[in-house]
Amino acid sequence: MTRRQRIRTILALGLPIIGGMLSQSLLNLVDAAMVGSLGETALAGVGIGGYSSFLAISLIMGLSSGVQTLVARRKGQERQSEIAQPLSWGLLLALLTTLPLILFFTAISDPMVALMSSDLKALTIADQYFEYRILAMLAVGFNLTFRGYWNGTNRPMVYLRVLLITHLLNVLISYALIFGHFGLPAMGAAGAGLGTTLSLYIGAFIIGLLTFRKARNQGLFQISLRNTRTLHSLLKLSVPHSIQQFFFAAAVAALFWIIGQLGTEQQAIGHVLINLALLLILPGVGLGIASTTLVSHALGQNRPDLACRWGWDVILAALLTMSLLSLPMWLFPENLLGIFLASSEAIEQARLPLMLTGVAICLDAAAIVLTQALLGAGANRTVMSISILGQWCFYLPLAWLAGPWLGFGLTGIWLVQIIHRAGSSLLFIYVWNRKNWVHIRI
């Protein structure tokens with residue numbers, strides 16, 4: 001394949017994934033815009049509850065990449081009757097892990113959200129929002145597993161269509177519950193949490209029906225406790241990635257706490273900045289998830305050189321995409337921030353950090369893509385180690401030092417972020433070039 005053909009393949013697989021991820025991030029921004037009309041305290045409360053929910057759900061996020069890697073590998077090996085076995089084990093693991101986690105996080109919701117702020121009004125809102133969101137954990141586990149299957153079989157558009165329906169329902173239901181329309185009670189910020197939970201369960205039901213029709217002839221539910229080899233491989237891939245995602249989510253929560261030391265207004269600003277950053281990151285992550293399938297499929301065909309080329313081509317596509325999407329942050333920061341922040345003082349505080357966000361994300365393109373590409377190769381422990389050490393031993397200590405301690409505020413925190421993201425990219429490029437990952441067997 002020529003580079004142009006490989007780029008077309010990357011875009012054909014990656015654009016539906018990007019669409020799904022962007023729709024999810026846009027939904028969070030829509031929720032922020034709706035809740036933002038209730039005031040900065042409500043916005044900060046939803047931010048606290050949202051990051052707490054992300055922290056809890058991160059414990060099962062490795063299911064998606066684990067199922068995707070194994071499905072793509074079996075497809076590359078042309079083992080058609082075993083393609084859906086990773087999906088079967090993934091659904092079982094989702095069921096067995098999420099139910100006790102729902103009970104656990106519901107029991108500790110009060111002290112958990114209290115770690116991120118001292119504002120009692122914001123904490124009350126955060127606790128209500130979090131308790132509704134955590135009930136969706138089972139639906140999230142199923143959806144992650146279904147996403148891994150459809151991405152691994154090179155058909156992400158199926159999942160995207162259902163996801164768009166889910167998000168549309170989320171907007172309508174959340175809007176009605178926040179403001180009390182269509183005969184429903186006005187629940188305020190808590191209504192956004194309940195609306196998200198209801199829509200996720202509806203979406204899981206729809207994608208479940210579609211998946212059963214496709215996967216029933218590919219070994220779906222044909223699993224046995226006598227043969228747990230696929231389960232062992234799935235755990236080997238999923239557990240390190242879930243640990244990495246947990247520490248990433250904890251790092252985001254810790255960052256939100258660090259920003260909270262600057263004040264409630266700064267915490268509300270930080271919530272907007274982080275969500276805008278996630279919006280910009282997701283196209284790169286979506287293309288990276290495409291590389292998970294492409295790399296695993298190439299290795300399944302015993303073509304490590306092709307797998308390596310996929311990594312570099314996806315980095316190029318991601319860098320161009322993320323640079324283009326960064327332009328509004330550099331050229332029109334005030335207009336963009338005005339959608340979410342009401343006061344001119346808050347917009348002025350957020351302007352420079354938002355511009356720095358655009359720079360930081362572009363520098364992070366290689367790390368974002370190669371993180372996912374290495375997951376496709378089975379190098380989950382390497383990814384976990386680099387990510388956790390970079391976040392907790394470098395970025396967070398320096399962010400606290402530059403922000404609250406030395407008094408550089410939000411600008412200081414975001415300058416440290418630029419250094420961290422650039423360093424991560426260089427380190428992942430070094431690991432990719434060494435090619436030790438081509439020898440991993442799963």
# chains A, B, ... in the order shown; residues from 1 in each chain; ligands from 1

$ residues_around --residues "Ala366 in chain A" --least-positions-apart "5" --cutoff "9 Å" --atoms "only C-alpha atoms" --output "list in words"
Gly284, Trp312, Val314, Ile315, Leu316, Ala318, Leu319, Thr371, Ala422, Ser424, Ser425, Leu426, Phe428 and Ile429 of chain A

$ write_last_selection --atoms "N, CA and C atoms" --output "compact mmCIF listing (two decimals), in the first residue's frame"
# COMPACT_ATOMS: atom_id res chain seq x y z
N GLY A 284 -7.40 12.97 18.00
CA GLY A 284 -6.15 12.22 18.06
C GLY A 284 -6.34 10.87 18.70
N TRP A 312 3.39 5.60 12.32
CA TRP A 312 3.86 6.90 11.83
C TRP A 312 2.81 7.60 10.98
N VAL A 314 -0.45 7.34 11.21
CA VAL A 314 -1.53 7.84 12.07
C VAL A 314 -1.07 9.09 12.82
N ILE A 315 0.20 9.16 13.24
CA ILE A 315 0.71 10.37 13.89
C ILE A 315 0.59 11.57 12.96
N LEU A 316 0.95 11.38 11.69
CA LEU A 316 0.84 12.48 10.73
C LEU A 316 -0.60 12.95 10.58
N ALA A 318 -3.04 12.59 12.70
CA ALA A 318 -3.50 13.19 13.96
C ALA A 318 -2.94 14.61 14.14
N LEU A 319 -1.67 14.80 13.82
CA LEU A 319 -1.06 16.12 13.99
C LEU A 319 -1.73 17.15 13.10
N THR A 371 0.31 5.78 22.23
CA THR A 371 -0.31 5.10 23.38
C THR A 371 -1.28 4.02 22.90
N ALA A 422 4.99 17.57 25.64
CA ALA A 422 6.11 17.44 24.70
C ALA A 422 7.05 16.31 25.12
N SER A 424 6.31 13.66 26.91
CA SER A 424 5.64 12.37 26.72
C SER A 424 5.75 11.90 25.27
N SER A 425 5.57 12.82 24.34
CA SER A 425 5.67 12.46 22.93
C SER A 425 7.06 11.95 22.58
N LEU A 426 8.08 12.63 23.06
CA LEU A 426 9.45 12.20 22.78
C LEU A 426 9.73 10.82 23.35
N PHE A 428 7.50 8.35 24.00
CA PHE A 428 6.77 7.31 23.27
C PHE A 428 7.38 7.08 21.88
N ILE A 429 7.89 8.12 21.25
CA ILE A 429 8.57 7.95 19.97
C ILE A 429 9.80 7.06 20.14

$ closest_atom_pairs --of "range 41-124 of chain A" --to "range 209-223 of chain A" --cutoff "12 Å" --atoms "only C-alpha atoms" --output "tab-separated table"
residue	atom	partner	partner_atom	distance
A:Val71	CA	A:Gln218	CA	10.4
A:Arg74	CA	A:Gln218	CA	10.7
A:Lys75	CA	A:Gln218	CA	10.5
A:Glu78	CA	A:Gln218	CA	11.3
A:Arg79	CA	A:Gln218	CA	9.1
A:Gln80	CA	A:Gln218	CA	6.0
A:Ser81	CA	A:Gln218	CA	4.5
A:Glu82	CA	A:Gly219	CA	5.2
A:Ile83	CA	A:Gln218	CA	5.5
A:Ala84	CA	A:Leu220	CA	5.0
A:Gln85	CA	A:Gly219	CA	5.5
A:Pro86	CA	A:Leu220	CA	8.5
A:Leu87	CA	A:Leu220	CA	7.1
A:Ser88	CA	A:Phe221	CA	5.2
A:Trp89	CA	A:Ile223	CA	7.6
A:Gly90	CA	A:Phe221	CA	10.5
A:Leu91	CA	A:Phe221	CA	9.5
A:Leu92	CA	A:Phe221	CA	9.5

$ write_last_selection --atoms "N, CA and C atoms" --output "PDB file, in the first residue's frame"
ATOM      1  N   VAL A  71     -10.025  -8.926  19.138  1.00  0.00           N
ATOM      2  CA  VAL A  71     -10.888  -9.127  17.975  1.00  0.00           C
ATOM      3  C   VAL A  71     -10.115  -8.858  16.685  1.00  0.00           C
ATOM      4  N   ARG A  74      -7.589 -11.725  16.060  1.00  0.00           N
ATOM      5  CA  ARG A  74      -8.233 -12.937  15.538  1.00  0.00           C
ATOM      6  C   ARG A  74      -8.680 -12.731  14.085  1.00  0.00           C
ATOM      7  N   LYS A  75      -9.099 -11.530  13.761  1.00  0.00           N
ATOM      8  CA  LYS A  75      -9.493 -11.239  12.384  1.00  0.00           C
ATOM      9  C   LYS A  75      -8.276 -11.320  11.455  1.00  0.00           C
ATOM     10  N   GLU A  78      -7.436 -14.739  10.712  1.00  0.00           N
ATOM     11  CA  GLU A  78      -8.517 -15.405   9.979  1.00  0.00           C
ATOM     12  C   GLU A  78      -9.153 -16.536  10.783  1.00  0.00           C
ATOM     13  N   ARG A  79      -9.276 -16.329  12.085  1.00  0.00           N
ATOM     14  CA  ARG A  79      -9.944 -17.295  12.966  1.00  0.00           C
ATOM     15  C   ARG A  79     -11.384 -16.826  13.176  1.00  0.00           C
ATOM     16  N   GLN A  80     -12.208 -16.986  12.128  1.00  0.00           N
ATOM     17  CA  GLN A  80     -13.538 -16.398  12.081  1.00  0.00           C
ATOM     18  C   GLN A  80     -14.448 -16.878  13.216  1.00  0.00           C
ATOM     19  N   SER A  81     -14.343 -18.125  13.583  1.00  0.00           N
ATOM     20  CA  SER A  81     -15.239 -18.670  14.602  1.00  0.00           C
ATOM     21  C   SER A  81     -14.888 -18.212  16.013  1.00  0.00           C
ATOM     22  N   GLU A  82     -13.765 -17.491  16.175  1.00  0.00           N
ATOM     23  CA  GLU A  82     -13.337 -17.044  17.500  1.00  0.00           C
ATOM     24  C   GLU A  82     -13.354 -15.522  17.644  1.00  0.00           C
ATOM     25  N   ILE A  83     -13.796 -14.812  16.607  1.00  0.00           N
ATOM     26  CA  ILE A  83     -13.718 -13.352  16.626  1.00  0.00           C
ATOM     27  C   ILE A  83     -14.527 -12.752  17.775  1.00  0.00           C
ATOM     28  N   ALA A  84     -15.694 -13.313  18.074  1.00  0.00           N
ATOM     29  CA  ALA A  84     -16.571 -12.733  19.093  1.00  0.00           C
ATOM     30  C   ALA A  84     -16.329 -13.283  20.494  1.00  0.00           C
ATOM     31  N   GLN A  85     -15.409 -14.224  20.660  1.00  0.00           N
ATOM     32  CA  GLN A  85     -15.147 -14.745  22.000  1.00  0.00           C
ATOM     33  C   GLN A  85     -14.633 -13.666  22.962  1.00  0.00           C
ATOM     34  N   PRO A  86     -13.731 -12.768  22.534  1.00  0.00           N
ATOM     35  CA  PRO A  86     -13.331 -11.685  23.449  1.00  0.00           C
ATOM     36  C   PRO A  86     -14.506 -10.817  23.868  1.00  0.00           C
ATOM     37  N   LEU A  87     -15.461 -10.617  22.963  1.00  0.00           N
ATOM     38  CA  LEU A  87     -16.667  -9.856  23.302  1.00  0.00           C
ATOM     39  C   LEU A  87     -17.460 -10.558  24.397  1.00  0.00           C
ATOM     40  N   SER A  88     -17.597 -11.866  24.281  1.00  0.00           N
ATOM     41  CA  SER A  88     -18.357 -12.636  25.283  1.00  0.00           C
ATOM     42  C   SER A  88     -17.738 -12.497  26.672  1.00  0.00           C
ATOM     43  N   TRP A  89     -16.427 -12.697  26.758  1.00  0.00           N
ATOM     44  CA  TRP A  89     -15.750 -12.563  28.037  1.00  0.00           C
ATOM     45  C   TRP A  89     -15.812 -11.114  28.538  1.00  0.00           C
ATOM     46  N   GLY A  90     -15.739 -10.150  27.615  1.00  0.00           N
ATOM     47  CA  GLY A  90     -15.811  -8.749  28.021  1.00  0.00           C
ATOM     48  C   GLY A  90     -17.146  -8.399  28.652  1.00  0.00           C
ATOM     49  N   LEU A  91     -18.235  -8.895  28.069  1.00  0.00           N
ATOM     50  CA  LEU A  91     -19.561  -8.634  28.644  1.00  0.00           C
ATOM     51  C   LEU A  91     -19.693  -9.264  30.030  1.00  0.00           C
ATOM     52  N   LEU A  92     -19.162 -10.486  30.179  1.00  0.00           N
ATOM     53  CA  LEU A  92     -19.217 -11.139  31.493  1.00  0.00           C
ATOM     54  C   LEU A  92     -18.411 -10.362  32.524  1.00  0.00           C
TER      55      LEU A  92
END

$ closest_residue --among "A:Arg309, A:Lys121, A:His232, A:Arg133" --to "Thr264 in chain A" --atoms "only C-alpha atoms"
A:Lys121

$ residues_around --residues "Gly45 in chain A" --least-positions-apart "4" --cutoff "10 Å" --atoms "only C-alpha atoms" --output "ChimeraX atom specification"
/A:35,40-41,49-50,113,116-117,119-130,189-190,264,267-268,271

$ write_last_selection --atoms "N, CA and C atoms" --output "PDB file, in the first residue's frame"
ATOM      1  N   VAL A  35     -25.911  23.802  32.135  1.00  0.00           N
ATOM      2  CA  VAL A  35     -25.759  23.970  33.583  1.00  0.00           C
ATOM      3  C   VAL A  35     -25.128  25.315  33.899  1.00  0.00           C
ATOM      4  N   GLU A  40     -22.018  29.769  38.288  1.00  0.00           N
ATOM      5  CA  GLU A  40     -20.689  29.160  38.364  1.00  0.00           C
ATOM      6  C   GLU A  40     -20.613  28.076  39.435  1.00  0.00           C
ATOM      7  N   THR A  41     -21.395  28.212  40.512  1.00  0.00           N
ATOM      8  CA  THR A  41     -21.390  27.181  41.550  1.00  0.00           C
ATOM      9  C   THR A  41     -21.940  25.863  41.003  1.00  0.00           C
ATOM     10  N   GLY A  49     -18.576  16.439  40.187  1.00  0.00           N
ATOM     11  CA  GLY A  49     -19.276  15.170  40.043  1.00  0.00           C
ATOM     12  C   GLY A  49     -18.861  14.423  38.791  1.00  0.00           C
ATOM     13  N   GLY A  50     -18.632  15.161  37.707  1.00  0.00           N
ATOM     14  CA  GLY A  50     -18.224  14.528  36.458  1.00  0.00           C
ATOM     15  C   GLY A  50     -16.855  13.881  36.554  1.00  0.00           C
ATOM     16  N   VAL A 113     -16.384  13.152  46.732  1.00  0.00           N
ATOM     17  CA  VAL A 113     -16.483  14.465  46.090  1.00  0.00           C
ATOM     18  C   VAL A 113     -15.934  15.565  46.995  1.00  0.00           C
ATOM     19  N   MET A 116     -12.382  17.275  46.523  1.00  0.00           N
ATOM     20  CA  MET A 116     -12.035  18.189  45.439  1.00  0.00           C
ATOM     21  C   MET A 116     -12.447  19.630  45.667  1.00  0.00           C
ATOM     22  N   SER A 117     -13.134  19.926  46.760  1.00  0.00           N
ATOM     23  CA  SER A 117     -13.546  21.312  46.992  1.00  0.00           C
ATOM     24  C   SER A 117     -13.982  21.477  48.450  1.00  0.00           C
ATOM     25  N   ASP A 119     -16.234  24.146  48.957  1.00  0.00           N
ATOM     26  CA  ASP A 119     -17.452  24.919  48.758  1.00  0.00           C
ATOM     27  C   ASP A 119     -18.651  24.005  48.990  1.00  0.00           C
ATOM     28  N   LEU A 120     -19.402  24.236  50.070  1.00  0.00           N
ATOM     29  CA  LEU A 120     -20.491  23.344  50.454  1.00  0.00           C
ATOM     30  C   LEU A 120     -21.609  23.313  49.420  1.00  0.00           C
ATOM     31  N   LYS A 121     -21.936  24.451  48.814  1.00  0.00           N
ATOM     32  CA  LYS A 121     -22.992  24.478  47.808  1.00  0.00           C
ATOM     33  C   LYS A 121     -22.592  23.673  46.577  1.00  0.00           C
ATOM     34  N   ALA A 122     -21.343  23.838  46.144  1.00  0.00           N
ATOM     35  CA  ALA A 122     -20.867  23.089  44.988  1.00  0.00           C
ATOM     36  C   ALA A 122     -20.815  21.595  45.289  1.00  0.00           C
ATOM     37  N   LEU A 123     -20.441  21.240  46.524  1.00  0.00           N
ATOM     38  CA  LEU A 123     -20.355  19.823  46.894  1.00  0.00           C
ATOM     39  C   LEU A 123     -21.726  19.161  46.934  1.00  0.00           C
ATOM     40  N   THR A 124     -22.742  19.894  47.366  1.00  0.00           N
ATOM     41  CA  THR A 124     -24.097  19.342  47.388  1.00  0.00           C
ATOM     42  C   THR A 124     -24.564  18.999  45.983  1.00  0.00           C
ATOM     43  N   ILE A 125     -24.304  19.897  45.048  1.00  0.00           N
ATOM     44  CA  ILE A 125     -24.657  19.650  43.651  1.00  0.00           C
ATOM     45  C   ILE A 125     -23.841  18.491  43.101  1.00  0.00           C
ATOM     46  N   ALA A 126     -22.547  18.477  43.418  1.00  0.00           N
ATOM     47  CA  ALA A 126     -21.657  17.428  42.917  1.00  0.00           C
ATOM     48  C   ALA A 126     -22.098  16.053  43.398  1.00  0.00           C
ATOM     49  N   ASP A 127     -22.494  15.938  44.659  1.00  0.00           N
ATOM     50  CA  ASP A 127     -22.890  14.650  45.218  1.00  0.00           C
ATOM     51  C   ASP A 127     -24.139  14.119  44.533  1.00  0.00           C
ATOM     52  N   GLN A 128     -25.128  14.984  44.295  1.00  0.00           N
ATOM     53  CA  GLN A 128     -26.356  14.552  43.618  1.00  0.00           C
ATOM     54  C   GLN A 128     -26.065  14.118  42.181  1.00  0.00           C
ATOM     55  N   TYR A 129     -25.254  14.886  41.481  1.00  0.00           N
ATOM     56  CA  TYR A 129     -24.918  14.572  40.097  1.00  0.00           C
ATOM     57  C   TYR A 129     -24.150  13.250  40.009  1.00  0.00           C
ATOM     58  N   PHE A 130     -23.188  13.054  40.909  1.00  0.00           N
ATOM     59  CA  PHE A 130     -22.358  11.857  40.899  1.00  0.00           C
ATOM     60  C   PHE A 130     -23.192  10.609  41.181  1.00  0.00           C
ATOM     61  N   ALA A 189     -29.000  20.900  38.198  1.00  0.00           N
ATOM     62  CA  ALA A 189     -27.804  20.219  37.698  1.00  0.00           C
ATOM     63  C   ALA A 189     -27.911  18.702  37.837  1.00  0.00           C
ATOM     64  N   ALA A 190     -28.593  18.213  38.855  1.00  0.00           N
ATOM     65  CA  ALA A 190     -28.738  16.766  39.041  1.00  0.00           C
ATOM     66  C   ALA A 190     -29.467  16.115  37.870  1.00  0.00           C
ATOM     67  N   THR A 264     -13.159  29.070  43.724  1.00  0.00           N
ATOM     68  CA  THR A 264     -14.288  28.452  43.035  1.00  0.00           C
ATOM     69  C   THR A 264     -14.415  28.971  41.612  1.00  0.00           C
ATOM     70  N   GLN A 267     -11.953  27.256  39.540  1.00  0.00           N
ATOM     71  CA  GLN A 267     -12.340  25.863  39.346  1.00  0.00           C
ATOM     72  C   GLN A 267     -13.387  25.733  38.239  1.00  0.00           C
ATOM     73  N   ALA A 268     -14.317  26.683  38.188  1.00  0.00           N
ATOM     74  CA  ALA A 268     -15.302  26.692  37.103  1.00  0.00           C
ATOM     75  C   ALA A 268     -14.613  26.921  35.761  1.00  0.00           C
ATOM     76  N   HIS A 271     -12.829  23.774  34.732  1.00  0.00           N
ATOM     77  CA  HIS A 271     -13.763  22.774  34.189  1.00  0.00           C
ATOM     78  C   HIS A 271     -13.989  23.009  32.699  1.00  0.00           C
TER      79      HIS A 271
END

$ closest_residue --among "A:Ile173, A:Leu415, A:Leu237, A:Ile347" --to "Phe332 in chain A" --atoms "only C-alpha atoms"
A:Ile347

$ residues_around --residues "range 372-377 of chain A" --least-positions-apart "3" --cutoff "7 Å" --atoms "only C-alpha atoms" --output "PyMOL selection string"
chain A and resi 69+288-289+291-293+295-296+311+368-369+380+437-438+440

$ atom_distance --atom1 "CA of Leu135 in chain A" --atom2 "CA of Thr197 in chain A"
6.7 Å

$ residues_around --residues "Trp392 in chain A" --least-positions-apart "5" --cutoff "10 Å" --atoms "only C-alpha atoms" --output "PyMOL selection string"
chain A and resi 247-248+250-251+254+387+397-398

$ residues_around --residues "Ile243 in chain A" --least-positions-apart "2" --cutoff "9 Å" --atoms "only C-alpha atoms" --output "mmCIF file with N, CA and C atoms, in the first residue's frame"
data_model
loop_
_atom_site.group_PDB
_atom_site.id
_atom_site.type_symbol
_atom_site.label_atom_id
_atom_site.label_comp_id
_atom_site.auth_asym_id
_atom_site.auth_seq_id
_atom_site.Cartn_x
_atom_site.Cartn_y
_atom_site.Cartn_z
ATOM 1 N N SER A 58 -13.213 4.796 35.024
ATOM 2 C CA SER A 58 -11.892 4.468 34.475
ATOM 3 C C SER A 58 -11.452 3.054 34.850
ATOM 4 N N LEU A 59 -12.001 2.509 35.933
ATOM 5 C CA LEU A 59 -11.614 1.175 36.374
ATOM 6 C C LEU A 59 -12.025 0.077 35.392
ATOM 7 N N ILE A 60 -12.951 0.393 34.482
ATOM 8 C CA ILE A 60 -13.401 -0.620 33.513
ATOM 9 C C ILE A 60 -13.093 -0.208 32.080
ATOM 10 N N MET A 61 -12.404 0.896 31.876
ATOM 11 C CA MET A 61 -12.196 1.396 30.515
ATOM 12 C C MET A 61 -11.249 0.520 29.702
ATOM 13 N N GLY A 62 -10.436 -0.278 30.357
ATOM 14 C CA GLY A 62 -9.541 -1.173 29.632
ATOM 15 C C GLY A 62 -10.271 -2.260 28.872
ATOM 16 N N SER A 238 -6.463 -5.813 29.453
ATOM 17 C CA SER A 238 -7.407 -4.845 29.999
ATOM 18 C C SER A 238 -6.980 -4.275 31.347
ATOM 19 N N VAL A 239 -6.430 -5.119 32.213
ATOM 20 C CA VAL A 239 -6.106 -4.663 33.570
ATOM 21 C C VAL A 239 -5.072 -3.544 33.576
ATOM 22 N N PRO A 240 -3.919 -3.686 32.869
ATOM 23 C CA PRO A 240 -2.966 -2.560 32.863
ATOM 24 C C PRO A 240 -3.561 -1.282 32.275
ATOM 25 N N HIS A 241 -4.379 -1.417 31.223
ATOM 26 C CA HIS A 241 -4.988 -0.223 30.634
ATOM 27 C C HIS A 241 -5.994 0.404 31.584
ATOM 28 N N GLN A 245 -5.850 4.118 33.029
ATOM 29 C CA GLN A 245 -6.970 5.050 32.927
ATOM 30 C C GLN A 245 -7.414 5.529 34.296
ATOM 31 N N PHE A 246 -7.339 4.658 35.304
ATOM 32 C CA PHE A 246 -7.699 5.071 36.659
ATOM 33 C C PHE A 246 -6.764 6.161 37.159
ATOM 34 N N PHE A 247 -5.465 5.955 36.962
ATOM 35 C CA PHE A 247 -4.516 6.962 37.415
ATOM 36 C C PHE A 247 -4.606 8.239 36.578
ATOM 37 N N PHE A 248 -4.975 8.104 35.296
ATOM 38 C CA PHE A 248 -5.208 9.298 34.484
ATOM 39 C C PHE A 248 -6.416 10.070 35.005
ATOM 40 N N MET A 384 1.218 1.898 30.496
ATOM 41 C CA MET A 384 0.795 2.212 31.861
ATOM 42 C C MET A 384 1.923 2.876 32.645
ATOM 43 N N ILE A 388 1.607 6.815 33.923
ATOM 44 C CA ILE A 388 1.432 7.075 35.357
ATOM 45 C C ILE A 388 2.603 7.872 35.923
#

$ atom_distance --atom1 "CA of Gly152 in chain A" --atom2 "CA of Leu198 in chain A"
27.0 Å

$ residues_around --residues "Gln261 in chain A" --least-positions-apart "3" --cutoff "7 Å" --atoms "only C-alpha atoms" --output "list of chain:residue names"
A:Trp257, A:Ile258, A:Pro404

$ write_last_selection --atoms "N, CA and C atoms" --output "PDB file, in the first residue's frame"
ATOM      1  N   TRP A 257      -8.566  19.517  41.730  1.00  0.00           N
ATOM      2  CA  TRP A 257      -8.379  19.932  43.132  1.00  0.00           C
ATOM      3  C   TRP A 257      -7.327  21.031  43.233  1.00  0.00           C
ATOM      4  N   ILE A 258      -6.231  20.881  42.488  1.00  0.00           N
ATOM      5  CA  ILE A 258      -5.177  21.907  42.496  1.00  0.00           C
ATOM      6  C   ILE A 258      -5.739  23.240  42.030  1.00  0.00           C
ATOM      7  N   PRO A 404      -0.797  27.105  42.694  1.00  0.00           N
ATOM      8  CA  PRO A 404      -1.097  27.658  44.019  1.00  0.00           C
ATOM      9  C   PRO A 404       0.140  28.104  44.797  1.00  0.00           C
TER      10      PRO A 404
END

$ select_by_dssp --residues "range 214-425 of chain A" --states "helix (DSSP H, G or I)" --output "MDAnalysis selection string"
chainID A and resid 214:215 229:260 264:300 304:331 333:337 344:363 365:377 380:405 409:425

$ closest_residue --among "A:Ile178, A:Met187, A:Ile17, A:Leu138" --to "Phe205 in chain A" --atoms "only C-alpha atoms"
A:Leu138
